[in-house]
file input.tsv (TSV, C-alpha atoms)
chain	number	residue	atom	x	y	z
S	777	MET	CA	36.92	-91.87	-69.40
S	778	ARG	CA	37.00	-88.16	-70.24
S	779	LYS	CA	39.83	-86.43	-68.39
S	780	THR	CA	38.87	-83.01	-67.02
S	781	SER	CA	41.62	-80.57	-66.17
S	782	ALA	CA	42.02	-80.37	-62.39
S	783	VAL	CA	42.63	-76.64	-62.71
S	784	LEU	CA	39.38	-76.11	-64.62
S	785	ALA	CA	37.43	-78.26	-62.21
S	786	THR	CA	38.84	-76.46	-59.19
S	787	LEU	CA	38.22	-72.99	-60.61
S	788	SER	CA	34.72	-73.81	-61.79
S	789	LEU	CA	33.65	-74.74	-58.28
S	790	ALA	CA	35.88	-72.67	-56.02
S	791	VAL	CA	35.08	-69.29	-57.56
S	792	LEU	CA	31.48	-69.74	-56.50
S	793	ALA	CA	32.11	-69.54	-52.79
S	794	LEU	CA	31.05	-66.29	-51.14
S	795	THR	CA	31.22	-64.11	-54.22
S	796	GLY	CA	28.69	-61.48	-55.15
S	797	CYS	CA	26.44	-61.67	-58.18
S	798	THR	CA	25.31	-58.53	-59.98
S	799	ALA	CA	22.37	-60.25	-61.64
S	800	ALA	CA	21.13	-62.56	-58.92
S	801	PRO	CA	17.92	-64.43	-59.67
S	802	THR	CA	14.85	-63.40	-57.74
S	803	PHE	CA	11.86	-65.44	-56.64
S	804	ASP	CA	9.04	-65.25	-54.12
S	805	GLY	CA	9.92	-67.49	-51.22
S	806	ALA	CA	6.40	-67.15	-49.85
S	807	ALA	CA	5.07	-68.94	-52.95
S	808	CYS	CA	7.52	-71.86	-52.95
S	809	ASP	CA	6.44	-74.74	-55.17
S	810	ARG	CA	8.54	-77.81	-55.98
S	811	SER	CA	5.91	-79.46	-58.16
S	812	GLY	CA	7.82	-78.65	-61.35
S	813	GLY	CA	10.12	-81.64	-61.04
S	814	SER	CA	10.61	-84.04	-63.95
S	815	SER	CA	9.57	-87.68	-63.55
S	816	GLY	CA	11.39	-88.49	-66.79
S	817	LEU	CA	14.67	-87.31	-65.31
S	818	ALA	CA	14.11	-89.50	-62.28
S	819	ASP	CA	13.82	-92.49	-64.63
S	820	ALA	CA	17.01	-91.56	-66.52
S	821	VAL	CA	19.29	-90.93	-63.52
S	822	THR	CA	19.69	-93.37	-60.63
S	823	VAL	CA	21.39	-92.15	-57.44
S	824	GLU	CA	22.37	-94.28	-54.47
S	825	GLY	CA	24.32	-93.62	-51.29
S	826	ASP	CA	23.98	-91.58	-48.11
S	827	LEU	CA	23.19	-87.87	-48.15
S	828	GLY	CA	26.39	-85.87	-47.86
S	829	ALA	CA	28.60	-88.68	-49.16
S	830	LYS	CA	29.85	-89.06	-52.72
S	831	PRO	CA	26.92	-90.67	-54.55
S	832	ASP	CA	26.86	-93.72	-56.79
S	833	VAL	CA	25.27	-92.40	-60.00
S	834	SER	CA	24.09	-94.20	-63.12
S	835	ILE	CA	22.87	-92.22	-66.13
S	836	PHE	CA	20.94	-93.70	-69.02
S	837	SER	CA	23.05	-91.92	-71.61
S	838	PRO	CA	23.18	-90.19	-73.95
S	839	LEU	CA	20.76	-87.90	-72.14
S	840	HIS	CA	19.08	-85.52	-74.59
S	841	LEU	CA	17.12	-82.57	-73.22
S	842	GLU	CA	14.93	-80.01	-74.94
S	843	LYS	CA	15.03	-77.91	-71.79
S	844	SER	CA	16.64	-78.09	-68.36
S	845	ALA	CA	14.89	-80.14	-65.68
S	846	PHE	CA	15.23	-81.23	-62.07
S	847	THR	CA	13.77	-83.84	-59.74
S	848	ASP	CA	13.88	-84.33	-55.96
S	849	VAL	CA	15.36	-87.71	-55.08
S	850	ILE	CA	15.10	-87.02	-51.35
S	851	VAL	CA	12.92	-84.29	-49.85
S	852	GLY	CA	14.40	-83.04	-46.60
S	853	ASP	CA	12.47	-81.62	-43.69
S	854	GLY	CA	14.85	-78.73	-43.06
S	855	ARG	CA	14.45	-75.02	-43.71
S	856	ALA	CA	13.55	-73.96	-47.27
S	857	VAL	CA	15.65	-71.68	-49.45
S	858	GLU	CA	13.57	-68.48	-49.63
S	859	SER	CA	15.90	-66.10	-51.48
S	860	ALA	CA	18.83	-66.11	-53.89
S	861	GLN	CA	21.15	-64.70	-51.19
S	862	GLN	CA	20.17	-67.16	-48.44
S	863	PRO	CA	23.23	-69.13	-47.28
S	864	MET	CA	23.32	-72.90	-47.44
S	865	LEU	CA	25.71	-75.84	-47.30
S	866	LEU	CA	25.70	-78.29	-50.18
S	867	GLU	CA	27.79	-80.95	-51.85
S	868	LEU	CA	27.64	-81.46	-55.59
S	869	SER	CA	28.77	-83.95	-58.23
S	870	LEU	CA	28.73	-83.22	-61.96
S	871	TYR	CA	28.42	-85.71	-64.84
S	872	SER	CA	28.33	-85.59	-68.63
S	873	GLY	CA	24.86	-86.12	-70.01
S	874	ASP	CA	26.30	-87.48	-73.26
S	875	SER	CA	28.55	-90.15	-71.78
S	876	GLY	CA	27.28	-90.43	-68.21
S	877	GLU	CA	30.87	-90.09	-67.00
S	878	PHE	CA	31.93	-88.26	-63.86
S	879	VAL	CA	33.38	-84.76	-64.41
S	880	THR	CA	34.04	-83.07	-61.05
S	881	GLU	CA	32.72	-82.65	-57.52
S	882	THR	CA	32.93	-80.63	-54.34
S	883	THR	CA	34.99	-81.93	-51.43
S	884	TYR	CA	32.44	-84.09	-49.55
S	885	ASP	CA	34.47	-83.12	-46.49
S	886	PRO	CA	32.42	-81.57	-43.65
S	887	SER	CA	35.44	-79.59	-42.43
S	888	ALA	CA	35.91	-77.99	-45.85
S	889	THR	CA	32.34	-77.50	-47.08
S	890	GLN	CA	31.85	-73.87	-48.03
S	891	VAL	CA	28.79	-71.73	-47.49
S	892	SER	CA	27.22	-70.63	-50.77
S	893	THR	CA	23.99	-69.23	-52.18
S	894	ILE	CA	21.81	-69.61	-55.25
S	895	ALA	CA	23.33	-66.35	-56.48
S	896	ASN	CA	26.81	-67.89	-56.23
S	897	TRP	CA	25.95	-71.00	-58.22
S	898	SER	CA	23.79	-69.27	-60.82
S	899	ALA	CA	26.69	-66.94	-61.64
S	900	GLN	CA	28.21	-69.83	-63.62
S	901	PHE	CA	25.24	-72.21	-63.98
S	902	PRO	CA	22.12	-70.00	-64.31
S	903	GLY	CA	19.83	-73.00	-64.76
S	904	LEU	CA	20.66	-74.29	-61.28
S	905	SER	CA	18.55	-71.53	-59.75
S	906	ASP	CA	15.34	-73.36	-60.70
S	907	ALA	CA	16.59	-76.56	-59.08
S	908	LEU	CA	17.61	-74.86	-55.84
S	909	GLU	CA	14.71	-72.45	-55.35
S	910	CYS	CA	12.60	-73.57	-52.37
S	911	ALA	CA	14.77	-76.66	-51.77
S	912	THR	CA	14.84	-77.79	-48.16
S	913	GLY	CA	17.75	-78.80	-45.96
S	914	GLY	CA	18.31	-82.54	-46.10
S	915	SER	CA	17.27	-82.84	-49.76
S	916	ARG	CA	18.99	-84.57	-52.67
S	917	ILE	CA	18.31	-83.11	-56.10
S	918	VAL	CA	19.15	-84.22	-59.63
S	919	SER	CA	19.38	-81.31	-62.05
S	920	ALA	CA	20.11	-81.60	-65.78
S	921	LEU	CA	21.07	-78.43	-67.63
S	922	THR	CA	21.20	-77.70	-71.32
S	923	PRO	CA	24.16	-75.64	-72.58
S	924	ASP	CA	21.81	-72.68	-72.99
S	925	ASP	CA	21.29	-72.62	-69.22
S	926	ALA	CA	25.02	-72.66	-68.46
S	927	PRO	CA	26.71	-70.65	-71.24
S	928	GLY	CA	30.35	-71.61	-71.67
S	929	ALA	CA	30.34	-74.04	-68.74
S	930	PRO	CA	30.63	-77.30	-70.74
S	931	GLU	CA	33.75	-76.12	-72.56
S	932	ALA	CA	35.28	-74.76	-69.32
S	933	LEU	CA	34.86	-78.22	-67.82
S	934	GLY	CA	36.37	-80.03	-70.79
S	935	LEU	CA	33.03	-81.15	-72.23
S	936	ASP	CA	31.66	-80.68	-75.72
S	937	ALA	CA	29.85	-77.38	-76.22
S	938	ASP	CA	26.50	-79.12	-76.80
S	939	ASP	CA	26.82	-81.55	-73.89
S	940	ASN	CA	24.10	-81.59	-71.25
S	941	MET	CA	25.30	-81.49	-67.65
S	942	VAL	CA	23.84	-83.62	-64.86
S	943	PHE	CA	24.24	-82.42	-61.27
S	944	VAL	CA	23.57	-84.44	-58.14
S	945	ILE	CA	23.13	-81.92	-55.33
S	946	ASP	CA	22.91	-82.68	-51.61
S	947	VAL	CA	21.49	-79.70	-49.71
S	948	LEU	CA	22.98	-80.39	-46.28
S	949	ASP	CA	21.73	-77.32	-44.45
S	950	VAL	CA	19.93	-74.06	-45.14
S	951	PHE	CA	20.63	-71.08	-42.91
S	952	LEU	CA	18.26	-68.27	-41.97
S	953	PRO	CA	17.65	-65.51	-44.54
S	954	LYS	CA	17.56	-62.84	-41.81
S	955	ALA	CA	17.32	-62.45	-38.04
S	956	GLU	CA	14.23	-64.15	-36.66
S	957	GLY	CA	13.11	-64.02	-33.06
S	958	ALA	CA	11.66	-61.78	-30.36
S	959	LEU	CA	12.17	-58.04	-30.57
S	960	GLN	CA	14.03	-56.80	-27.50
S	961	PHE	CA	13.52	-53.56	-25.60
S	962	ASN	CA	16.67	-51.49	-25.17
S	963	ASP	CA	17.24	-48.06	-23.73
S	964	ALA	CA	18.13	-46.38	-27.01
S	965	ARG	CA	19.33	-43.15	-25.37
S	966	GLY	CA	22.52	-42.16	-27.17
S	967	MET	CA	22.49	-45.33	-29.27
S	968	PRO	CA	21.57	-45.87	-32.93
S	969	THR	CA	18.07	-46.97	-33.89
S	970	VAL	CA	17.55	-49.78	-36.40
S	971	VAL	CA	14.62	-50.23	-38.78
S	972	ARG	CA	14.24	-53.16	-41.16
S	973	ALA	CA	12.99	-53.76	-44.71
S	974	PRO	CA	10.79	-56.83	-45.29
S	975	ASP	CA	13.82	-58.81	-46.50
S	976	GLY	CA	15.72	-57.93	-43.33
S	977	THR	CA	17.98	-55.21	-44.74
S	978	PRO	CA	18.61	-52.80	-41.87
S	979	GLY	CA	18.36	-49.03	-41.91
S	980	VAL	CA	20.40	-47.35	-39.19
S	981	ILE	CA	19.67	-43.98	-37.61
S	982	ILE	CA	22.72	-42.64	-35.76
S	983	PRO	CA	22.08	-39.84	-33.25
S	984	ASP	CA	23.80	-36.46	-33.52
S	985	THR	CA	25.74	-37.06	-30.33
S	986	ALA	CA	29.20	-38.27	-29.47
S	987	ALA	CA	29.85	-41.97	-29.84
S	988	PRO	CA	30.29	-44.11	-26.72
S	989	THR	CA	33.86	-44.21	-25.43
S	990	SER	CA	33.73	-47.96	-24.79
S	991	GLN	CA	32.25	-50.79	-26.83
S	992	ALA	CA	28.48	-51.02	-26.49
S	993	VAL	CA	26.43	-54.10	-27.37
S	994	GLN	CA	22.66	-54.44	-27.63
S	995	THR	CA	20.59	-57.45	-28.68
S	996	LEU	CA	17.83	-56.10	-30.91
S	997	ILE	CA	16.27	-59.44	-31.86
S	998	ALA	CA	16.76	-62.55	-29.72
S	999	GLY	CA	16.82	-65.69	-31.85
S	1000	ASP	CA	16.01	-69.12	-30.50
S	1001	GLY	CA	18.83	-71.02	-32.19
S	1002	GLU	CA	22.05	-72.43	-30.76
S	1003	LYS	CA	24.47	-70.19	-28.90
S	1004	LEU	CA	27.65	-69.22	-30.68
S	1005	VAL	CA	30.74	-70.51	-28.95
S	1006	GLU	CA	34.38	-69.57	-29.33
S	1007	GLY	CA	35.98	-71.22	-32.35
S	1008	GLN	CA	32.83	-71.33	-34.46
S	1009	THR	CA	32.57	-69.36	-37.68
S	1010	PRO	CA	29.45	-67.17	-37.54
S	1011	VAL	CA	27.47	-66.95	-40.77
S	1012	VAL	CA	26.21	-63.38	-40.79
S	1013	ASN	CA	24.86	-60.48	-42.75
S	1014	PHE	CA	26.11	-57.17	-41.45
S	1015	THR	CA	26.12	-53.47	-42.14
S	1016	ALA	CA	28.95	-51.25	-40.89
S	1017	LEU	CA	28.73	-47.45	-40.71
S	1018	ASN	CA	30.93	-44.60	-39.55
S	1019	TRP	CA	29.43	-42.90	-36.51
S	1020	ASP	CA	30.44	-39.33	-37.41
S	1021	ASP	CA	29.47	-39.08	-41.08
S	1022	LYS	CA	26.80	-41.83	-40.84
S	1023	LYS	CA	27.94	-43.37	-44.12
S	1024	ILE	CA	27.87	-47.09	-44.83
S	1025	VAL	CA	31.39	-48.48	-45.00
S	1026	ARG	CA	30.39	-52.02	-45.94
S	1027	THR	CA	27.26	-54.13	-46.16
S	1028	THR	CA	26.76	-57.75	-47.15
S	1029	TRP	CA	23.02	-57.36	-47.75
S	1030	GLY	CA	22.15	-58.03	-51.39
S	1031	ASP	CA	25.64	-59.32	-52.07
S	1032	ALA	CA	27.04	-62.28	-50.14
S	1033	VAL	CA	26.95	-63.41	-46.54
S	1034	SER	CA	30.12	-63.12	-44.51
S	1035	LEU	CA	32.31	-65.73	-42.87
S	1036	ASP	CA	35.24	-63.38	-42.37
S	1037	LEU	CA	33.95	-61.18	-39.54
S	1038	PRO	CA	36.51	-62.67	-37.11
S	1039	GLN	CA	39.26	-61.52	-39.48
S	1040	ILE	CA	38.00	-58.07	-40.45
S	1041	ALA	CA	36.51	-57.04	-37.09
S	1042	PRO	CA	37.68	-59.33	-34.26
S	1043	PRO	CA	36.07	-57.30	-31.43
S	1044	ILE	CA	32.71	-57.45	-33.19
S	1045	ALA	CA	32.97	-61.20	-33.70
S	1046	GLU	CA	33.90	-61.62	-30.04
S	1047	ALA	CA	30.81	-59.66	-29.04
S	1048	LEU	CA	28.69	-62.31	-30.79
S	1049	ILE	CA	29.96	-65.18	-28.61
S	1050	GLY	CA	27.06	-66.32	-26.45
S	1051	GLN	CA	24.47	-64.78	-28.77
S	1052	THR	CA	21.97	-67.15	-30.37
S	1053	VAL	CA	21.43	-67.95	-34.03
S	1054	GLY	CA	18.56	-65.84	-35.32
S	1055	SER	CA	19.59	-62.80	-33.30
S	1056	GLN	CA	20.30	-59.29	-34.52
S	1057	VAL	CA	23.02	-57.54	-32.56
S	1058	LEU	CA	24.02	-53.87	-32.55
S	1059	VAL	CA	27.66	-53.21	-31.70
S	1060	VAL	CA	29.23	-49.75	-31.41
S	1061	ALA	CA	33.02	-49.81	-31.57
S	1062	PRO	CA	34.62	-46.68	-30.05
S	1063	LYS	CA	37.11	-44.45	-31.78
S	1064	THR	CA	40.76	-45.44	-31.56
S	1065	GLU	CA	44.00	-43.89	-32.76
S	1066	GLN	CA	43.69	-45.91	-35.96
S	1067	THR	CA	39.93	-46.00	-36.61
S	1068	GLU	CA	36.82	-43.89	-36.35
S	1069	ALA	CA	33.91	-44.92	-34.16
S	1070	MET	CA	31.80	-47.44	-36.04
S	1071	VAL	CA	28.36	-49.02	-35.85
S	1072	PHE	CA	27.76	-52.66	-36.76
S	1073	VAL	CA	24.34	-54.26	-37.19
S	1074	VAL	CA	24.81	-58.03	-37.41
S	1075	ASP	CA	22.22	-60.71	-38.24
S	1076	ILE	CA	23.40	-64.13	-37.04
S	1077	LEU	CA	22.15	-66.59	-39.67
S	1078	GLY	CA	23.96	-69.68	-38.48
S	1079	ALA	CA	27.27	-71.21	-37.49
S	1080	GLY	CA	29.31	-72.54	-40.38
S	1081	PRO	CA	32.27	-74.90	-40.52
S	1082	VAL	CA	35.62	-73.49	-39.51
S	1083	PRO	CA	37.57	-72.88	-42.77
S	1084	THR	CA	40.70	-74.99	-43.08
S	1085	PRO	CA	43.94	-73.42	-44.40

call {"tool": "encode", "arguments": {"input": "input.tsv", "output": "C-alpha cells"}}
result
Amino acid sequence: MRKTSAVLATLSLAVLALTGCTAAPTFDGAACDRSGGSSGLADAVTVEGDLGAKPDVSIFSPLHLEKSAFTDVIVGDGRAVESAQQPMLLELSLYSGDSGEFVTETTYDPSATQVSTIANWSAQFPGLSDALECATGGSRIVSALTPDDAPGAPEALGLDADDNMVFVIDVLDVFLPKAEGALQFNDARGMPTVVRAPDGTPGVIIPDTAAPTSQAVQTLIAGDGEKLVEGQTPVVNFTALNWDDKKIVRTTWGDAVSLDLPQIAPPIAEALIGQTVGSQVLVVAPKTEQTEAMVFVVDILGAGPVPTP
C-alpha cells in the first residue's frame, strides 16, 4: 500500500478550512443542474456504508480519465449549494485512481467536522467545484479529477504526477447563503439603515449623530430556523464598521464565513443567543476606553459544531 506522509495529508485538508480564495469559482445557483454526472464513473467506483461514516470503496483500477467527472451516489433532500462561498459540512475520502488505494480522509468525527465552502476546496482542487455545485445536503458524491484539475495536488499527497484522484464526498449539511425570513419593522431613529445586494451583501448607512451609549440590538430579518443557544458556534457572515468614520473594519462577505465571532467580539455573539437561524441582526456596540463605537450587521446562516481544542 502506498504510504502518504501524515504531514502532507493533514496540511492538504486542514488548510482548506475557513480560508479565503482570491479566485473563487462562480456559478448561477438559480440554474442548478446535476444532470452532468457520469454513469461510467458510477460503474467504475463502488461505495458502500452509511452517509457520514468512513465508506467502503472499491475502484476498478487503473482508472484512466480524459477529463474529470462526477456522479451522485446518493441524492439528498437538503438545501442546495447555491454559491461558492456558501458554508457546508462534509466528510471526504481520497483514493488513487491508478492503484485504487486509500490516500487520506477527513476526520469522520461530528465534533471535529469543519465548516467549509466550494471556494475553500477549489483553492487546492479546482475540479471539485463542478462536483459540489448545486449538491444538496444529505448527498454522497464520487468525483474523479485529472491532474490538470488539481495542479500539484497528486505530488503533494505522495502520488505520481499523472495519477487521477478519486474523492468520495458526503455532503452532511448545507447552510444558508444569506439571511432569509421576514423583514422586520424597527424604529430606525438614530440607528443605522441596512440595504442589501441580491447576494445578501449588506450596505450600511450610519447617521451623522452620536452613537448609542449602551449596546443596541435590532432584528432586521427574522429567520424561521432553530434558535441559537449558549454553547453553540454560530455560522455567520458579518460586516463591522466604525461608527464615527463609517469605514468597514472587517467583512466576511465574498471571503469566508466566520466561526470565530465569540472570540473576536463576545458581546456581539452573546447578542445572537435566542435569535433564529436565517435572521439578520444589527448590533451597535458603544464606545469604550479601548474601542470606538462599532456597528455589526450579522447574517445567521446556521449553527456549526463547537470546535475542539

call {"tool": "residues_around", "arguments": {"input": "input.tsv", "residues": "Pro953 in chain S", "least_positions_apart": "5", "cutoff": "8 Å", "atoms": "only C-alpha atoms", "output": "PyMOL selection string"}}
result
chain S and resi 858-859+861-863+975-976+1077

call {"tool": "residues_around", "arguments": {"input": "input.tsv", "residues": "range 1056-1069 of chain S", "least_positions_apart": "2", "cutoff": "7 Å", "atoms": "all atoms listed in the file", "output": "PyMOL selection string"}}
result
chain S and resi 955+987-998+1018-1019+1044+1054+1071-1076

call {"tool": "axis_aligned_box", "arguments": {"input": "input.tsv", "around": "range 839-847 of chain S", "padding_each_side": "5 Å", "output": "AutoDock Vina command-line options"}}
result
--center_x 17.3 --center_y -82.9 --center_z -67.3 --size_x 17.0 --size_y 20.0 --size_z 25.2

call {"tool": "closest_residue", "arguments": {"input": "input.tsv", "among": "S:Ser915, S:Asp1036, S:Asp949, S:Asn896", "to": "Leu865 in chain S", "atoms": "all atoms listed in the file"}}
result
S:Asp949

call {"tool": "residues_around", "arguments": {"input": "input.tsv", "residues": "Asp984 in chain S", "least_positions_apart": "5", "cutoff": "10 Å", "atoms": "all atoms listed in the file", "output": "list in words"}}
result
Gly966, Met967, Pro968, Trp1019, Asp1020, Asp1021 and Lys1022 of chain S

call {"tool": "atom_distance", "arguments": {"input": "input.tsv", "atom1": "CA of Gln900 in chain S", "atom2": "CA of Gly928 in chain S"}}
result
8.5 Å

call {"tool": "atom_distance", "arguments": {"input": "input.tsv", "atom1": "CA of Gly816 in chain S", "atom2": "CA of Ser872 in chain S"}}
result
17.3 Å

call {"tool": "decode", "arguments": {"input": "input.tsv", "residues": "range 1032-1058 of chain S", "atoms": "N, CA and C atoms", "output": "compact mmCIF listing (two decimals), in the first residue's frame"}}
result
# COMPACT_ATOMS: atom_id res chain seq x y z
N ALA S 1032 -14.85 34.40 3.45
CA ALA S 1032 -15.13 33.14 4.13
C ALA S 1032 -16.05 33.42 5.30
N VAL S 1033 -16.97 32.52 5.56
CA VAL S 1033 -17.86 32.68 6.70
C VAL S 1033 -17.05 32.62 7.99
N SER S 1034 -17.67 33.05 9.06
CA SER S 1034 -16.96 33.13 10.33
C SER S 1034 -17.53 32.16 11.35
N LEU S 1035 -16.62 31.50 12.07
CA LEU S 1035 -16.99 30.73 13.25
C LEU S 1035 -16.37 31.34 14.51
N ASP S 1036 -15.62 32.42 14.35
CA ASP S 1036 -14.85 32.94 15.47
C ASP S 1036 -15.45 34.20 16.09
N LEU S 1037 -16.71 34.50 15.79
CA LEU S 1037 -17.33 35.69 16.37
C LEU S 1037 -17.30 35.66 17.89
N PRO S 1038 -17.53 34.51 18.54
CA PRO S 1038 -17.45 34.50 20.01
C PRO S 1038 -16.07 34.88 20.55
N GLN S 1039 -15.02 34.69 19.73
CA GLN S 1039 -13.67 35.04 20.18
C GLN S 1039 -13.33 36.49 19.88
N ILE S 1040 -13.72 36.98 18.71
CA ILE S 1040 -13.31 38.33 18.32
C ILE S 1040 -14.27 39.41 18.82
N ALA S 1041 -15.52 39.04 19.08
CA ALA S 1041 -16.49 40.04 19.55
C ALA S 1041 -17.50 39.34 20.45
N PRO S 1042 -17.11 38.97 21.67
CA PRO S 1042 -18.00 38.22 22.56
C PRO S 1042 -19.36 38.90 22.80
N PRO S 1043 -19.42 40.22 23.02
CA PRO S 1043 -20.74 40.82 23.26
C PRO S 1043 -21.67 40.70 22.06
N ILE S 1044 -21.10 40.72 20.85
CA ILE S 1044 -21.93 40.58 19.65
C ILE S 1044 -22.46 39.15 19.56
N ALA S 1045 -21.60 38.18 19.82
CA ALA S 1045 -22.04 36.78 19.80
C ALA S 1045 -23.12 36.54 20.86
N GLU S 1046 -22.95 37.14 22.02
CA GLU S 1046 -23.96 36.97 23.08
C GLU S 1046 -25.30 37.56 22.66
N ALA S 1047 -25.25 38.65 21.88
CA ALA S 1047 -26.49 39.27 21.43
C ALA S 1047 -27.26 38.38 20.46
N LEU S 1048 -26.59 37.39 19.89
CA LEU S 1048 -27.25 36.49 18.94
C LEU S 1048 -27.99 35.34 19.63
N ILE S 1049 -27.68 35.08 20.89
CA ILE S 1049 -28.33 33.98 21.61
C ILE S 1049 -29.84 34.26 21.66
N GLY S 1050 -30.61 33.27 21.24
CA GLY S 1050 -32.07 33.43 21.18
C GLY S 1050 -32.57 33.85 19.82
N GLN S 1051 -31.66 34.35 18.96
CA GLN S 1051 -32.04 34.69 17.59
C GLN S 1051 -32.15 33.39 16.78
N THR S 1052 -32.90 33.43 15.71
CA THR S 1052 -33.12 32.23 14.91
C THR S 1052 -32.23 32.21 13.67
N VAL S 1053 -31.89 31.00 13.25
CA VAL S 1053 -31.12 30.82 12.01
C VAL S 1053 -31.94 31.40 10.86
N GLY S 1054 -31.25 32.14 10.00
CA GLY S 1054 -31.91 32.84 8.90
C GLY S 1054 -32.08 34.31 9.18
N SER S 1055 -31.83 34.73 10.42
CA SER S 1055 -32.05 36.12 10.80
C SER S 1055 -30.86 37.01 10.44
N GLN S 1056 -31.15 38.28 10.24
CA GLN S 1056 -30.11 39.30 10.13
C GLN S 1056 -30.29 40.24 11.32
N VAL S 1057 -29.18 40.44 12.04
CA VAL S 1057 -29.23 41.20 13.29
C VAL S 1057 -28.26 42.37 13.20
N LEU S 1058 -28.73 43.54 13.62
CA LEU S 1058 -27.91 44.75 13.69
C LEU S 1058 -27.54 44.97 15.16
